[in-house]
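The block underneath contains the structure these notes are about, expressed in structure tokens.
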Amino acid sequence: MMSETTSLSSGDKIDMHSSTLMDDPDLLGTHPIFPSTYRPFLDELCSTTKFTKSEIRFLYRGFKQECPGGIVQEDTFKDIYAKFFPYGNSSVYAHLVFKAFDITSCGAITFKDMVLTLSILLRGSNREKLKWIFSRLYDLNGNGYITKLEFFNIISAIHDLVGVSKQVEDRKTKDHADKIFNKFDINRDGIVTIEEFLESCLKDELILKSLQAFNNTL
């Protein structure tokens, strides 16, 4: 659990008892382009996420500092990703993650989108996290299963992200995608269902360990 006074950055302290969130007129107003999605009320977020009111206030303060307009457009999101991965091409992977966070598919990430997603990634069980990864990130067309092409597209985006050489990318990406897909496709029917995905991941110690990296207290 976070302390009552939390630091966003060096020397910048936030009083967790302040009325940062609910007294902010920007939050309670509506956005001219996305009026139906830009009303993330504190009580609602507390009831639908695993965050406390203090933690939501902390998240909102950081969100407003980075996104004064109250929403994150895809171009801005890609720019942020590019700063974290300067040696690769982060555009495709950033697009996939942006779509995953954009819960309402309105073309922008709202504060509510961000909090609902982080609640799963930071506070959810391993099963909840894996369900999010499957449905929001891997199942690109939303039909309820993953094909080998979808796996290839994800692995290719990750290789671009970390800067894998184009000279070896196609072969390495295909080999990597085939290896993962064959592991998950338990009944060898050419698709990976959510049940197969969960069963495979929950038995893999490396995957489970990587999921723990998401565990965090604000």
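Simple scheme: letters A, B, ... for chains in structure tokens order, numbers from 1 for residues in each chain, numbers from 1 for ligands in the order shown.
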
I'd like to know which residues of range 62-170 of chain A are helix (DSSP H, G or I) (by DSSP, run on the backbone); could you write them as a PyMOL selection string?
chain A and resi 62-66+74-84+91-101+111-123+126-138+148-162+166-170

A straight line from CA of Lys129 in chain A to CA of Gly144 in chain A spans 16.2 Å

Quick one: residues within 10 Å of range 148-159 of chain A, only C-alpha atoms counted, chain neighbours fewer than 6 positions away excluded, as a PyMOL selection string?
chain A and resi 88-96+137-141+165-166+169-170+172-178+180-182+185+190-192

Store the residues picked out above in a file with N, CA and C atoms, as a tab-separated table (two decimals), in the first residue's frame.
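After the write, out26.tsv holds the following:
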chain	number	residue	atom	x	y	z
A	88	GLY	N	14.63	0.60	-31.36
A	88	GLY	CA	13.79	-0.23	-32.21
A	88	GLY	C	12.65	0.59	-32.79
A	89	ASN	N	11.79	-0.09	-33.54
A	89	ASN	CA	10.60	0.55	-34.09
A	89	ASN	C	9.40	0.13	-33.23
A	90	SER	N	8.97	1.02	-32.37
A	90	SER	CA	7.93	0.68	-31.40
A	90	SER	C	6.52	0.95	-31.91
A	91	SER	N	6.39	1.45	-33.13
A	91	SER	CA	5.10	1.93	-33.61
A	91	SER	C	4.01	0.85	-33.61
A	92	VAL	N	4.32	-0.33	-34.16
A	92	VAL	CA	3.30	-1.38	-34.29
A	92	VAL	C	2.89	-1.90	-32.91
A	93	TYR	N	3.87	-2.18	-32.06
A	93	TYR	CA	3.54	-2.71	-30.74
A	93	TYR	C	2.79	-1.67	-29.91
A	94	ALA	N	3.21	-0.40	-30.03
A	94	ALA	CA	2.50	0.66	-29.31
A	94	ALA	C	1.05	0.76	-29.77
A	95	HIS	N	0.82	0.55	-31.06
A	95	HIS	CA	-0.55	0.56	-31.58
A	95	HIS	C	-1.38	-0.56	-30.95
A	96	LEU	N	-0.79	-1.75	-30.82
A	96	LEU	CA	-1.50	-2.88	-30.23
A	96	LEU	C	-1.83	-2.63	-28.76
A	137	LEU	N	-4.82	-8.27	-26.11
A	137	LEU	CA	-3.55	-8.06	-26.81
A	137	LEU	C	-3.30	-9.09	-27.91
A	138	TYR	N	-3.59	-10.36	-27.64
A	138	TYR	CA	-3.25	-11.41	-28.60
A	138	TYR	C	-4.36	-11.71	-29.60
A	139	ASP	N	-5.59	-11.72	-29.14
A	139	ASP	CA	-6.72	-12.02	-30.03
A	139	ASP	C	-7.07	-10.76	-30.81
A	140	LEU	N	-6.31	-10.52	-31.87
A	140	LEU	CA	-6.35	-9.22	-32.56
A	140	LEU	C	-7.71	-8.91	-33.19
A	141	ASN	N	-8.42	-9.94	-33.67
A	141	ASN	CA	-9.72	-9.66	-34.30
A	141	ASN	C	-10.90	-9.95	-33.39
A	165	SER	N	17.47	-7.24	-35.90
A	165	SER	CA	17.94	-6.91	-37.24
A	165	SER	C	16.97	-7.41	-38.30
A	166	LYS	N	16.68	-6.56	-39.29
A	166	LYS	CA	15.78	-6.93	-40.37
A	166	LYS	C	16.32	-8.12	-41.17
A	169	GLU	N	15.13	-10.99	-39.09
A	169	GLU	CA	13.84	-10.85	-38.43
A	169	GLU	C	12.82	-11.87	-38.89
A	170	ASP	N	12.61	-12.00	-40.21
A	170	ASP	CA	11.55	-12.88	-40.71
A	170	ASP	C	11.74	-14.31	-40.25
A	172	LYS	N	13.69	-15.49	-37.76
A	172	LYS	CA	13.67	-15.59	-36.31
A	172	LYS	C	12.26	-15.42	-35.76
A	173	THR	N	11.53	-14.48	-36.33
A	173	THR	CA	10.16	-14.25	-35.89
A	173	THR	C	9.28	-15.46	-36.16
A	174	LYS	N	9.40	-16.03	-37.35
A	174	LYS	CA	8.59	-17.21	-37.68
A	174	LYS	C	8.92	-18.38	-36.77
A	175	ASP	N	10.20	-18.62	-36.55
A	175	ASP	CA	10.60	-19.72	-35.68
A	175	ASP	C	10.07	-19.53	-34.26
A	176	HIS	N	10.19	-18.30	-33.77
A	176	HIS	CA	9.73	-17.99	-32.41
A	176	HIS	C	8.22	-18.14	-32.30
A	177	ALA	N	7.51	-17.61	-33.30
A	177	ALA	CA	6.04	-17.69	-33.29
A	177	ALA	C	5.57	-19.14	-33.38
A	178	ASP	N	6.21	-19.92	-34.24
A	178	ASP	CA	5.84	-21.33	-34.38
A	178	ASP	C	6.06	-22.10	-33.09
A	180	ILE	N	6.09	-20.95	-29.95
A	180	ILE	CA	5.11	-20.57	-28.93
A	180	ILE	C	3.73	-21.13	-29.29
A	181	PHE	N	3.36	-20.99	-30.55
A	181	PHE	CA	2.04	-21.44	-30.98
A	181	PHE	C	1.87	-22.94	-30.77
A	182	ASN	N	2.88	-23.71	-31.16
A	182	ASN	CA	2.80	-25.17	-31.01
A	182	ASN	C	2.71	-25.57	-29.54
A	185	ASP	N	-1.03	-24.62	-28.59
A	185	ASP	CA	-2.07	-25.35	-29.33
A	185	ASP	C	-2.07	-26.81	-28.88
A	190	GLY	N	-4.88	-26.09	-34.85
A	190	GLY	CA	-4.52	-24.91	-35.63
A	190	GLY	C	-4.94	-23.59	-35.03
A	191	ILE	N	-5.59	-23.60	-33.87
A	191	ILE	CA	-5.96	-22.38	-33.17
A	191	ILE	C	-5.68	-22.56	-31.68
A	192	VAL	N	-5.54	-21.44	-30.98
A	192	VAL	CA	-5.34	-21.47	-29.53
A	192	VAL	C	-6.53	-20.81	-28.86

Residue among A:Leu206, A:Leu130, A:Val164, A:Leu121 lying closest to Ile194 in chain A, counting only C-alpha atoms
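For Ile194 in chain A, the nearest of the candidates is A:Leu130.
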
Which residues come within 12 Å of range 112-115 of chain A, counting only C-alpha atoms, excluding same-chain residues fewer than 5 positions away, as a PyMOL selection string?
chain A and resi 27+36-53+55-60+62-63+70-72+97-107+120-123

Those of range 9-216 of chain A in DSSP strand (DSSP E), formatted as a PyMOL selection string
chain A and resi 9+12-15+71-73+108-110+145-147+191-193
